[in-house]
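Visitor: What follows is target-v8.pdb, made up of PDB, C-alpha atoms, pLDDT in the B column:
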ATOM      1  CA  MET L   1      -9.530  -2.400  22.356  1.00 45.00           C
ATOM      2  CA  GLY L   2      -5.762  -2.457  22.460  1.00 44.00           C
ATOM      3  CA  ARG L   3      -5.141   0.879  24.138  1.00 44.00           C
ATOM      4  CA  GLY L   4      -1.584   0.101  25.226  1.00 46.00           C
ATOM      5  CA  SER L   5       1.442   1.306  23.309  1.00 47.00           C
ATOM      6  CA  ALA L   6       2.860  -0.986  20.651  1.00 48.00           C
ATOM      7  CA  ALA L   7       5.840  -1.245  18.347  1.00 52.00           C
ATOM      8  CA  PRO L   8       5.563  -0.041  14.737  1.00 51.00           C
ATOM      9  CA  SER L   9       4.031  -2.448  12.249  1.00 58.00           C
ATOM     10  CA  THR L  10       6.147  -5.380  11.137  1.00 77.00           C
ATOM     11  CA  GLU L  11       6.002  -7.233   7.827  1.00 75.00           C
ATOM     12  CA  PHE L  12       3.451  -9.568   9.434  1.00 83.00           C
ATOM     13  CA  SER L  13       1.277  -6.640  10.524  1.00 83.00           C
ATOM     14  CA  MET L  14       1.467  -5.152   7.030  1.00 81.00           C
ATOM     15  CA  ARG L  15       0.227  -8.463   5.631  1.00 83.00           C
ATOM     16  CA  VAL L  16      -2.725  -8.387   8.032  1.00 89.00           C
ATOM     17  CA  VAL L  17      -3.657  -4.900   6.815  1.00 88.00           C
ATOM     18  CA  SER L  18      -3.347  -6.022   3.198  1.00 81.00           C
ATOM     19  CA  ASN L  19      -5.627  -8.990   3.869  1.00 87.00           C
ATOM     20  CA  ILE L  20      -8.180  -6.830   5.671  1.00 90.00           C
ATOM     21  CA  GLU L  21      -8.279  -4.439   2.720  1.00 84.00           C
ATOM     22  CA  HIS L  22      -8.554  -7.292   0.229  1.00 80.00           C
ATOM     23  CA  ARG L  23     -11.489  -8.858   2.055  1.00 83.00           C
ATOM     24  CA  ARG L  24     -13.166  -5.493   2.718  1.00 85.00           C
ATOM     25  CA  GLN L  25     -13.203  -4.756  -1.000  1.00 77.00           C
ATOM     26  CA  GLU L  26     -14.430  -8.271  -1.784  1.00 76.00           C
ATOM     27  CA  VAL L  27     -17.493  -7.908   0.441  1.00 79.00           C
ATOM     28  CA  GLY L  28     -18.139  -4.273  -0.488  1.00 81.00           C
ATOM     29  CA  ARG L  29     -17.882  -2.748   2.988  1.00 83.00           C
ATOM     30  CA  THR L  30     -16.833   0.865   3.523  1.00 87.00           C
ATOM     31  CA  HIS L  31     -14.117   1.658   6.037  1.00 89.00           C
ATOM     32  CA  GLN L  32     -16.679   3.278   8.325  1.00 91.00           C
ATOM     33  CA  GLN L  33     -18.940   0.234   8.226  1.00 92.00           C
ATOM     34  CA  LEU L  34     -16.008  -2.003   9.041  1.00 94.00           C
ATOM     35  CA  PHE L  35     -14.567  -0.157  12.022  1.00 95.00           C
ATOM     36  CA  THR L  36     -18.014   0.652  13.425  1.00 95.00           C
ATOM     37  CA  GLU L  37     -19.272  -2.931  13.296  1.00 95.00           C
ATOM     38  CA  ALA L  38     -15.968  -4.194  14.685  1.00 96.00           C
ATOM     39  CA  GLY L  39     -16.276  -1.832  17.650  1.00 96.00           C
ATOM     40  CA  LEU L  40     -13.183   0.225  16.808  1.00 96.00           C
ATOM     41  CA  SER L  41     -12.931   3.991  16.895  1.00 95.00           C
ATOM     42  CA  LYS L  42     -12.165   5.838  13.672  1.00 93.00           C
ATOM     43  CA  ASN L  43      -8.817   7.134  14.938  1.00 93.00           C
ATOM     44  CA  TYR L  44      -7.777   3.742  16.324  1.00 94.00           C
ATOM     45  CA  TYR L  45      -8.661   1.996  13.063  1.00 93.00           C
ATOM     46  CA  TRP L  46      -6.861   4.442  10.761  1.00 90.00           C
ATOM     47  CA  LYS L  47      -3.682   4.482  12.833  1.00 88.00           C
ATOM     48  CA  ARG L  48      -3.445   0.747  12.257  1.00 89.00           C
ATOM     49  CA  LEU L  49      -4.563   0.742   8.650  1.00 86.00           C
ATOM     50  CA  ASN L  50      -1.875   3.368   7.986  1.00 81.00           C
ATOM     51  CA  HIS L  51       0.759   1.158   9.659  1.00 78.00           C
ATOM     52  CA  GLU L  52       1.409   3.556  12.529  1.00 81.00           C
ATOM     53  CA  LEU L  53       0.510   0.777  14.980  1.00 88.00           C
ATOM     54  CA  PRO L  54      -0.453  -2.894  14.546  1.00 90.00           C
ATOM     55  CA  PHE L  55      -3.858  -4.474  15.065  1.00 93.00           C
ATOM     56  CA  ASN L  56      -3.952  -6.766  18.104  1.00 94.00           C
ATOM     57  CA  THR L  57      -5.506 -10.231  18.234  1.00 94.00           C
ATOM     58  CA  ASN L  58      -8.816  -8.936  19.601  1.00 96.00           C
ATOM     59  CA  ASP L  59      -9.020  -6.481  16.704  1.00 96.00           C
ATOM     60  CA  ILE L  60      -8.306  -9.230  14.180  1.00 96.00           C
ATOM     61  CA  ASP L  61     -10.991 -11.420  15.730  1.00 95.00           C
ATOM     62  CA  ALA L  62     -13.573  -8.616  15.569  1.00 95.00           C
ATOM     63  CA  LEU L  63     -12.654  -7.610  12.021  1.00 96.00           C
ATOM     64  CA  ALA L  64     -12.762 -11.217  10.824  1.00 92.00           C
ATOM     65  CA  ARG L  65     -16.259 -11.595  12.264  1.00 92.00           C
ATOM     66  CA  VAL L  66     -17.488  -8.542  10.360  1.00 92.00           C
ATOM     67  CA  LEU L  67     -15.750  -9.648   7.162  1.00 89.00           C
ATOM     68  CA  GLY L  68     -17.119 -13.184   7.355  1.00 87.00           C
ATOM     69  CA  VAL L  69     -13.805 -15.026   7.604  1.00 85.00           C
ATOM     70  CA  GLU L  70     -11.773 -16.788  10.263  1.00 87.00           C
ATOM     71  CA  PRO L  71      -9.157 -14.723  12.143  1.00 91.00           C
ATOM     72  CA  GLU L  72      -6.481 -17.017  10.720  1.00 89.00           C
ATOM     73  CA  ASP L  73      -7.511 -15.961   7.208  1.00 86.00           C
ATOM     74  CA  LEU L  74      -6.518 -12.369   7.933  1.00 91.00           C
ATOM     75  CA  THR L  75      -3.007 -13.446   8.911  1.00 89.00           C
ATOM     76  CA  SER L  76      -2.433 -15.853   6.033  1.00 82.00           C
ATOM     77  CA  LYS L  77       0.025 -15.247   3.216  1.00 71.00           C
ATOM     78  CA  ARG L  78      -2.531 -16.801   0.881  1.00 65.00           C
ATOM     79  CA  MET L  79      -5.448 -14.469   1.578  1.00 62.00           C
ATOM     80  CA  VAL L  80      -4.833 -12.278  -1.456  1.00 60.00           C
ATOM     81  CA  GLY L  81      -6.151 -13.927  -4.583  1.00 61.00           C
ATOM     82  CA  ASN L  82      -3.900 -14.816  -7.481  1.00 63.00           C
ATOM     83  CA  ARG L  83      -6.328 -13.880 -10.212  1.00 72.00           C
ATOM     84  CA  ALA L  84      -5.026 -12.177 -13.328  1.00 79.00           C
ATOM     85  CA  LEU L  85      -5.778  -8.473 -13.699  1.00 82.00           C
ATOM     86  CA  ARG L  86      -6.001  -6.880 -17.133  1.00 88.00           C
ATOM     87  CA  LEU L  87      -4.389  -3.454 -17.068  1.00 91.00           C
ATOM     88  CA  SER L  88      -2.917  -0.872 -19.399  1.00 94.00           C
ATOM     89  CA  GLY L  89       0.701  -1.867 -19.968  1.00 95.00           C
ATOM     90  CA  PRO L  90       2.105   1.644 -20.491  1.00 96.00           C
ATOM     91  CA  GLU L  91       0.200   2.990 -17.479  1.00 97.00           C
ATOM     92  CA  LEU L  92       1.471   0.178 -15.267  1.00 97.00           C
ATOM     93  CA  ALA L  93       5.016   0.916 -16.424  1.00 97.00           C
ATOM     94  CA  ARG L  94       4.538   4.624 -15.666  1.00 97.00           C
ATOM     95  CA  ARG L  95       3.335   3.934 -12.141  1.00 97.00           C
ATOM     96  CA  LEU L  96       6.135   1.503 -11.400  1.00 97.00           C
ATOM     97  CA  GLN L  97       8.652   4.043 -12.697  1.00 96.00           C
ATOM     98  CA  LEU L  98       7.267   6.669 -10.312  1.00 95.00           C
ATOM     99  CA  LEU L  99       7.559   4.264  -7.403  1.00 96.00           C
ATOM    100  CA  ALA L 100      11.118   3.320  -8.334  1.00 96.00           C
ATOM    101  CA  GLU L 101      12.131   6.992  -8.475  1.00 93.00           C
ATOM    102  CA  THR L 102      10.713   7.734  -5.025  1.00 90.00           C
ATOM    103  CA  PRO L 103      12.587   7.048  -1.771  1.00 84.00           C
ATOM    104  CA  THR L 104      11.132   4.338   0.405  1.00 78.00           C
ATOM    105  CA  ALA L 105       9.259   5.060   3.624  1.00 71.00           C
ATOM    106  CA  HIS L 106      12.630   4.626   5.362  1.00 73.00           C
ATOM    107  CA  GLY L 107      14.297   7.220   3.140  1.00 75.00           C
ATOM    108  CA  ASP L 108      16.373   4.735   1.156  1.00 82.00           C
ATOM    109  CA  ASP L 109      16.736   4.701  -2.604  1.00 88.00           C
ATOM    110  CA  PHE L 110      14.982   1.846  -4.366  1.00 92.00           C
ATOM    111  CA  ARG L 111      17.031  -1.303  -4.949  1.00 94.00           C
ATOM    112  CA  ILE L 112      15.655  -4.141  -7.035  1.00 96.00           C
ATOM    113  CA  SER L 113      17.389  -6.674  -4.775  1.00 96.00           C
ATOM    114  CA  ASP L 114      15.302  -5.440  -1.829  1.00 94.00           C
ATOM    115  CA  LEU L 115      12.089  -5.875  -3.811  1.00 95.00           C
ATOM    116  CA  VAL L 116      13.065  -9.368  -4.958  1.00 96.00           C
ATOM    117  CA  ASP L 117      13.884 -10.405  -1.386  1.00 95.00           C
ATOM    118  CA  PHE L 118      10.604  -8.980  -0.081  1.00 92.00           C
ATOM    119  CA  LEU L 119       8.512 -10.712  -2.739  1.00 93.00           C
ATOM    120  CA  ARG L 120      10.206 -14.023  -2.104  1.00 92.00           C
ATOM    121  CA  SER L 121       9.432 -13.647   1.605  1.00 90.00           C
ATOM    122  CA  GLN L 122       5.787 -13.378   0.519  1.00 85.00           C
ATOM    123  CA  GLU L 123       6.121 -16.531  -1.597  1.00 84.00           C
ATOM    124  CA  VAL L 124       6.138 -14.635  -4.883  1.00 89.00           C
ATOM    125  CA  GLU L 125       8.860 -15.651  -7.311  1.00 90.00           C
ATOM    126  CA  PHE L 126      10.355 -12.593  -8.959  1.00 95.00           C
ATOM    127  CA  THR L 127      13.550 -11.597 -10.757  1.00 96.00           C
ATOM    128  CA  PRO L 128      15.278  -8.365 -11.808  1.00 96.00           C
ATOM    129  CA  GLU L 129      14.551  -9.370 -15.396  1.00 96.00           C
ATOM    130  CA  ARG L 130      10.822  -9.528 -14.662  1.00 95.00           C
ATOM    131  CA  TRP L 131      10.986  -6.068 -13.123  1.00 97.00           C
ATOM    132  CA  ALA L 132      12.732  -4.715 -16.211  1.00 95.00           C
ATOM    133  CA  SER L 133      10.041  -6.176 -18.454  1.00 95.00           C
ATOM    134  CA  LEU L 134       7.285  -4.591 -16.349  1.00 95.00           C
ATOM    135  CA  MET L 135       9.032  -1.224 -16.507  1.00 94.00           C
ATOM    136  CA  GLU L 136       9.190  -1.463 -20.291  1.00 92.00           C
ATOM    137  CA  GLU L 137       5.673  -2.821 -20.850  1.00 90.00           C
ATOM    138  CA  THR L 138       4.166  -1.392 -24.042  1.00 91.00           C
ATOM    139  CA  ALA L 139       1.201  -3.697 -24.661  1.00 90.00           C
ATOM    140  CA  SER L 140      -2.083  -1.818 -24.597  1.00 92.00           C
ATOM    141  CA  VAL L 141      -3.449  -4.491 -22.257  1.00 90.00           C
ATOM    142  CA  THR L 142      -1.276  -6.645 -20.018  1.00 92.00           C
ATOM    143  CA  SER L 143      -2.346  -9.485 -17.740  1.00 90.00           C
ATOM    144  CA  GLN L 144      -0.626  -9.477 -14.346  1.00 91.00           C
ATOM    145  CA  SER L 145      -1.019 -11.421 -11.106  1.00 88.00           C
ATOM    146  CA  GLU L 146      -3.099  -9.573  -8.527  1.00 85.00           C
ATOM    147  CA  LYS L 147      -0.952 -10.963  -5.726  1.00 86.00           C
ATOM    148  CA  LEU L 148       2.231  -9.716  -7.387  1.00 92.00           C
ATOM    149  CA  LEU L 149       0.867  -6.193  -7.762  1.00 93.00           C
ATOM    150  CA  VAL L 150      -0.557  -6.118  -4.236  1.00 88.00           C
ATOM    151  CA  GLU L 151       2.779  -7.182  -2.761  1.00 90.00           C
ATOM    152  CA  ILE L 152       4.678  -4.634  -4.866  1.00 94.00           C
ATOM    153  CA  ALA L 153       2.338  -1.934  -3.551  1.00 91.00           C
ATOM    154  CA  THR L 154       2.963  -3.171  -0.009  1.00 87.00           C
ATOM    155  CA  PHE L 155       6.720  -2.996  -0.550  1.00 91.00           C
ATOM    156  CA  PHE L 156       6.483   0.603  -1.758  1.00 90.00           C
ATOM    157  CA  ASP L 157       4.057   1.488   1.053  1.00 86.00           C
ATOM    158  CA  VAL L 158       1.228   2.719  -1.163  1.00 87.00           C
ATOM    159  CA  ASP L 159      -2.441   1.876  -1.479  1.00 83.00           C
ATOM    160  CA  ARG L 160      -2.806  -1.450  -3.287  1.00 83.00           C
ATOM    161  CA  VAL L 161      -5.532   0.049  -5.480  1.00 84.00           C
ATOM    162  CA  TYR L 162      -2.871   2.244  -7.108  1.00 91.00           C
ATOM    163  CA  LEU L 163      -1.494  -0.813  -8.903  1.00 93.00           C
ATOM    164  CA  THR L 164      -4.635  -2.924  -9.233  1.00 87.00           C
ATOM    165  CA  ASN L 165      -7.404  -0.564 -10.342  1.00 84.00           C
ATOM    166  CA  PHE L 166      -6.424   2.345 -12.561  1.00 89.00           C
ATOM    167  CA  ALA L 167     -10.035   3.550 -12.745  1.00 83.00           C
ATOM    168  CA  GLN L 168      -9.845   4.818  -9.156  1.00 81.00           C
ATOM    169  CA  GLU L 169      -8.668   8.311 -10.065  1.00 87.00           C
ATOM    170  CA  ASP L 170      -8.930   9.644  -6.519  1.00 84.00           C
ATOM    171  CA  VAL L 171      -6.504   6.985  -5.301  1.00 84.00           C
ATOM    172  CA  THR L 172      -4.112   7.729  -8.164  1.00 91.00           C
ATOM    173  CA  GLU L 173      -4.174  11.451  -7.408  1.00 91.00           C
ATOM    174  CA  HIS L 174      -3.592  10.917  -3.715  1.00 87.00           C
ATOM    175  CA  VAL L 175      -0.792   8.373  -4.032  1.00 89.00           C
ATOM    176  CA  GLU L 176       1.082  10.436  -6.596  1.00 92.00           C
ATOM    177  CA  ALA L 177       0.802  13.526  -4.402  1.00 89.00           C
ATOM    178  CA  GLN L 178       2.283  11.487  -1.550  1.00 86.00           C
ATOM    179  CA  LEU L 179       5.148  10.440  -3.796  1.00 89.00           C
ATOM    180  CA  VAL L 180       5.833  14.048  -4.806  1.00 88.00           C
ATOM    181  CA  LEU L 181       6.126  14.998  -1.139  1.00 86.00           C
ATOM    182  CA  ARG L 182       8.450  12.099  -0.377  1.00 84.00           C
ATOM    183  CA  ARG L 183      10.724  13.034  -3.287  1.00 83.00           C
ATOM    184  CA  THR L 184      10.731  16.673  -2.195  1.00 83.00           C
ATOM    185  CA  LEU L 185      11.721  15.756   1.350  1.00 77.00           C
ATOM    186  CA  LYS L 186      14.506  13.553   0.000  1.00 72.00           C
ATOM    187  CA  GLN L 187      15.848  16.365  -2.192  1.00 71.00           C
ATOM    188  CA  ILE L 188      16.281  18.732   0.748  1.00 70.00           C
ATOM    189  CA  GLY L 189      17.765  16.052   2.966  1.00 68.00           C
ATOM    190  CA  GLY L 190      14.762  15.911   5.249  1.00 59.00           C
ATOM    191  CA  ALA L 191      13.306  12.838   6.893  1.00 55.00           C
ATOM    192  CA  THR L 192      10.912  10.995   4.624  1.00 60.00           C
ATOM    193  CA  VAL L 193       7.444   9.936   5.667  1.00 59.00           C
ATOM    194  CA  SER L 194       5.325   6.866   5.135  1.00 58.00           C
ATOM    195  CA  ALA L 195       2.850   7.379   2.314  1.00 53.00           C
ATOM    196  CA  ARG L 196       0.178   5.563   4.280  1.00 54.00           C
ATOM    197  CA  ALA L 197       0.746   7.832   7.263  1.00 60.00           C
ATOM    198  CA  LEU L 198      -0.510  10.658   5.034  1.00 62.00           C
ATOM    199  CA  GLY L 199      -3.678   8.795   4.164  1.00 58.00           C
ATOM    200  CA  ASN L 200      -6.107  11.395   5.512  1.00 66.00           C
ATOM    201  CA  VAL L 201      -4.336  14.456   4.091  1.00 75.00           C
ATOM    202  CA  PRO L 202      -5.940  15.702   0.829  1.00 73.00           C
ATOM    203  CA  ALA L 203      -3.849  15.428  -2.329  1.00 72.00           C
ATOM    204  CA  SER L 204      -4.042  19.185  -2.894  1.00 76.00           C
ATOM    205  CA  ALA L 205      -2.654  19.819   0.591  1.00 77.00           C
ATOM    206  CA  LEU L 206       0.220  17.387   0.037  1.00 78.00           C
ATOM    207  CA  LEU L 207       1.178  19.105  -3.216  1.00 80.00           C
ATOM    208  CA  GLN L 208       1.032  22.511  -1.542  1.00 80.00           C
ATOM    209  CA  ILE L 209       3.278  21.296   1.273  1.00 78.00           C
ATOM    210  CA  ALA L 210       5.789  19.998  -1.282  1.00 72.00           C
ATOM    211  CA  LYS L 211       5.635  23.313  -3.149  1.00 80.00           C
ATOM    212  CA  ASP L 212       6.176  25.315   0.037  1.00 74.00           C
ATOM    213  CA  ILE L 213       9.124  23.130   1.045  1.00 75.00           C
ATOM    214  CA  SER L 214      10.757  23.597  -2.359  1.00 70.00           C
ATOM    215  CA  ALA L 215      10.206  27.359  -2.256  1.00 67.00           C
ATOM    216  CA  THR L 216      11.709  27.620   1.228  1.00 66.00           C
ATOM    217  CA  ASP L 217      14.708  25.531   0.230  1.00 56.00           C
ATOM    218  CA  GLN L 218      15.455  27.832  -2.719  1.00 59.00           C
ATOM    219  CA  LYS L 219      15.599  30.968  -0.571  1.00 54.00           C
TER     220      LYS L 219
END
Just give me the structure of the file as structure tokens.
Guide:
Amino acid sequence: MGRGSAAPSTEFSMRVVSNIEHRRQEVGRTHQQLFTEAGLSKNYYWKRLNHELPFNTNDIDALARVLGVEPEDLTSKRMVGNRALRLSGPELARRLQLLAETPTAHGDDFRISDLVDFLRSQEVEFTPERWASLMEETASVTSQSEKLLVEIATFFDVDRVYLTNFAQEDVTEHVEAQLVLRRTLKQIGGATVSARALGNVPASALLQIAKDISATDQK
């Protein structure tokens, strides 16, 4: 399916990926089960899940069939649930701080105005004051909107699980290794890279790359 070249993923395409991931987790399918049953190759599927290329309408139709929803559901802004997630307040604040300190996938420094504008485009009301309160959260357990956290993860171009399920230690390790590499590239003036584009690279390898870059830069 969809073998022709295509433009990089747009905000709409990123929403489709977010909805696919949300539904996949809901029904308990693995990535391999999903792309196999949808008739997609592993490489084709991951290039689109990592936002290197967008899914086409045939892909969306096939994926929706496997996931038990209508194709329109995978394109909707309302696919992600708005349930409240109970998370560690200090840990959420730590993760948000890391994201804020890391350059975006486009190499730009984080600006709260950009996040507010993005969230509003996704029909999520948000303010700089709300961001400040999240960054300073000290409650042992805080209740936060799943949709808000998913959209924040989308804005920062990281796996949604990083902000919605702290028990997934492998995801935490991998995302934070990606962020280290992005910060390292920024420090030496190099081109940054999408965190999702590094999805198949082990965390240990990402950290070693960052270490090697830093060592080379100091010579």
Visitor: Which residues are near Leu92 of chain L? Cut-off 9 Å, all atoms listed in the file, ignore same chain within fewer than 3 positions. Put them as number ranges by chain.
Guide: L: 87-89, 95-97, 134-135, 137, 142, 163, 166
Visitor: Can you work out the spacing between atom CA of Thr172 of chain L and atom CA of Gln33 of chain L in Å, to one decimal?
Guide: 23.3 Å
Visitor: Would you kindly return, as an mmCIF file with C-alpha atoms, keeping the file's coordinate frame, each protein, DNA or RNA residue with an atom no farther than 12 Å from any atom of Ser121 of chain L, considering only C-alpha atoms and excluding same-chain residues fewer than 2 positions away?
Guide:
data_model
loop_
_atom_site.group_PDB
_atom_site.id
_atom_site.type_symbol
_atom_site.label_atom_id
_atom_site.label_comp_id
_atom_site.auth_asym_id
_atom_site.auth_seq_id
_atom_site.Cartn_x
_atom_site.Cartn_y
_atom_site.Cartn_z
ATOM 1 C CA GLU L 11 6.002 -7.233 7.827
ATOM 2 C CA PHE L 12 3.451 -9.568 9.434
ATOM 3 C CA ARG L 15 0.227 -8.463 5.631
ATOM 4 C CA LYS L 77 0.025 -15.247 3.216
ATOM 5 C CA ASP L 114 15.302 -5.440 -1.829
ATOM 6 C CA LEU L 115 12.089 -5.875 -3.811
ATOM 7 C CA VAL L 116 13.065 -9.368 -4.958
ATOM 8 C CA ASP L 117 13.884 -10.405 -1.386
ATOM 9 C CA PHE L 118 10.604 -8.980 -0.081
ATOM 10 C CA LEU L 119 8.512 -10.712 -2.739
ATOM 11 C CA GLU L 123 6.121 -16.531 -1.597
ATOM 12 C CA VAL L 124 6.138 -14.635 -4.883
ATOM 13 C CA GLU L 125 8.860 -15.651 -7.311
ATOM 14 C CA PHE L 126 10.355 -12.593 -8.959
ATOM 15 C CA GLU L 151 2.779 -7.182 -2.761
ATOM 16 C CA PHE L 155 6.720 -2.996 -0.550
#
Visitor: Once the PyMOL selection byres ((chain L and resi 59-66) around 10) has been evaluated on this model, what residues remain selected, and can you format them as a PyMOL selection string?
Guide: chain L and resi 1-2+16-17+20+23-24+27+29+33-40+45+54-58+67-75
Visitor: Store the residues picked out above, limited to C-alpha atoms, as a compact mmCIF listing (two decimals), keeping the file's coordinate frame.
Guide:
# COMPACT_ATOMS: atom_id res chain seq x y z
CA MET L 1 -9.53 -2.40 22.36
CA GLY L 2 -5.76 -2.46 22.46
CA VAL L 16 -2.72 -8.39 8.03
CA VAL L 17 -3.66 -4.90 6.82
CA ILE L 20 -8.18 -6.83 5.67
CA ARG L 23 -11.49 -8.86 2.06
CA ARG L 24 -13.17 -5.49 2.72
CA VAL L 27 -17.49 -7.91 0.44
CA ARG L 29 -17.88 -2.75 2.99
CA GLN L 33 -18.94 0.23 8.23
CA LEU L 34 -16.01 -2.00 9.04
CA PHE L 35 -14.57 -0.16 12.02
CA THR L 36 -18.01 0.65 13.42
CA GLU L 37 -19.27 -2.93 13.30
CA ALA L 38 -15.97 -4.19 14.68
CA GLY L 39 -16.28 -1.83 17.65
CA LEU L 40 -13.18 0.22 16.81
CA TYR L 45 -8.66 2.00 13.06
CA PRO L 54 -0.45 -2.89 14.55
CA PHE L 55 -3.86 -4.47 15.06
CA ASN L 56 -3.95 -6.77 18.10
CA THR L 57 -5.51 -10.23 18.23
CA ASN L 58 -8.82 -8.94 19.60
CA LEU L 67 -15.75 -9.65 7.16
CA GLY L 68 -17.12 -13.18 7.36
CA VAL L 69 -13.80 -15.03 7.60
CA GLU L 70 -11.77 -16.79 10.26
CA PRO L 71 -9.16 -14.72 12.14
CA GLU L 72 -6.48 -17.02 10.72
CA ASP L 73 -7.51 -15.96 7.21
CA LEU L 74 -6.52 -12.37 7.93
CA THR L 75 -3.01 -13.45 8.91
Visitor: If I take atom CA of Thr138 of chain L and atom CA of Val150 of chain L, how far is one from the other in Å, to one decimal?
Guide: 20.9 Å
Visitor: Taking the file as shown, find all residues satisfying the PyMOL selection byres ((chain L and resi 182) around 7) and write them as a list in words.
Guide: Thr102, Pro103, Gln178, Leu179, Val180, Leu181, Arg183, Thr184, Leu185, Lys186, Thr192 and Val193 of chain L
Visitor: Interatomic distance between atom CA of Thr154 of chain L and atom CA of Ser41 of chain L?
Guide: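 If I compute the distance from atom CA of Thr154 of chain L to atom CA of Ser41 of chain L, I get 24.3 Å.
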Visitor: Which residues fall under the PyMOL selection byres ((chain L and resi 200-206) around 10) in this file, as a PyMOL selection string?
Guide: chain L and resi 46+50+170-182+196-199+207-212
Visitor: Between L:Trp131, L:Gly28, L:Glu169, L:Phe156, which one has atoms that come closest to Leu98 of chain L, using only C-alpha atoms?
Guide: L:Phe156
Visitor: Could you rebuild segment 123-136 of chain L with N, CA, C and O atoms and give it back as an mmCIF file, in the frame of the given file?
Guide:
data_model
loop_
_atom_site.group_PDB
_atom_site.id
_atom_site.type_symbol
_atom_site.label_atom_id
_atom_site.label_comp_id
_atom_site.auth_asym_id
_atom_site.auth_seq_id
_atom_site.Cartn_x
_atom_site.Cartn_y
_atom_site.Cartn_z
ATOM 1 N N GLU L 123 6.348 -15.365 -0.739
ATOM 2 C CA GLU L 123 6.121 -16.531 -1.597
ATOM 3 C C GLU L 123 5.730 -16.144 -3.015
ATOM 4 O O GLU L 123 4.897 -16.785 -3.662
ATOM 5 N N VAL L 124 6.340 -15.071 -3.501
ATOM 6 C CA VAL L 124 6.138 -14.635 -4.883
ATOM 7 C C VAL L 124 7.495 -14.687 -5.581
ATOM 8 O O VAL L 124 8.419 -13.967 -5.205
ATOM 9 N N GLU L 125 7.602 -15.550 -6.570
ATOM 10 C CA GLU L 125 8.860 -15.651 -7.311
ATOM 11 C C GLU L 125 8.994 -14.449 -8.237
ATOM 12 O O GLU L 125 8.073 -14.109 -8.975
ATOM 13 N N PHE L 126 10.159 -13.817 -8.193
ATOM 14 C CA PHE L 126 10.355 -12.593 -8.959
ATOM 15 C C PHE L 126 11.840 -12.444 -9.250
ATOM 16 O O PHE L 126 12.681 -12.909 -8.481
ATOM 17 N N THR L 127 12.156 -11.797 -10.369
ATOM 18 C CA THR L 127 13.550 -11.597 -10.757
ATOM 19 C C THR L 127 13.755 -10.169 -11.244
ATOM 20 O O THR L 127 12.793 -9.491 -11.636
ATOM 21 N N PRO L 128 14.993 -9.694 -11.252
ATOM 22 C CA PRO L 128 15.278 -8.365 -11.808
ATOM 23 C C PRO L 128 14.846 -8.264 -13.268
ATOM 24 O O PRO L 128 14.413 -7.196 -13.721
ATOM 25 N N GLU L 129 14.948 -9.371 -13.993
ATOM 26 C CA GLU L 129 14.551 -9.370 -15.396
ATOM 27 C C GLU L 129 13.045 -9.143 -15.538
ATOM 28 O O GLU L 129 12.590 -8.436 -16.452
ATOM 29 N N ARG L 130 12.277 -9.724 -14.627
ATOM 30 C CA ARG L 130 10.822 -9.528 -14.662
ATOM 31 C C ARG L 130 10.486 -8.067 -14.375
ATOM 32 O O ARG L 130 9.583 -7.488 -14.990
ATOM 33 N N TRP L 131 11.202 -7.478 -13.440
ATOM 34 C CA TRP L 131 10.986 -6.068 -13.123
ATOM 35 C C TRP L 131 11.272 -5.199 -14.345
ATOM 36 O O TRP L 131 10.506 -4.292 -14.672
ATOM 37 N N ALA L 132 12.364 -5.490 -15.026
ATOM 38 C CA ALA L 132 12.732 -4.715 -16.211
ATOM 39 C C ALA L 132 11.652 -4.818 -17.280
ATOM 40 O O ALA L 132 11.319 -3.824 -17.939
ATOM 41 N N SER L 133 11.082 -6.005 -17.441
ATOM 42 C CA SER L 133 10.041 -6.176 -18.454
ATOM 43 C C SER L 133 8.775 -5.411 -18.084
ATOM 44 O O SER L 133 8.102 -4.850 -18.954
ATOM 45 N N LEU L 134 8.456 -5.355 -16.791
ATOM 46 C CA LEU L 134 7.285 -4.591 -16.349
ATOM 47 C C LEU L 134 7.500 -3.100 -16.577
ATOM 48 O O LEU L 134 6.576 -2.374 -16.960
ATOM 49 N N MET L 135 8.718 -2.646 -16.347
ATOM 50 C CA MET L 135 9.032 -1.224 -16.507
ATOM 51 C C MET L 135 9.022 -0.798 -17.970
ATOM 52 O O MET L 135 8.896 0.391 -18.277
ATOM 53 N N GLU L 136 9.144 -1.769 -18.863
ATOM 54 C CA GLU L 136 9.190 -1.463 -20.291
ATOM 55 C C GLU L 136 7.940 -1.947 -21.017
ATOM 56 O O GLU L 136 7.915 -2.015 -22.242
#
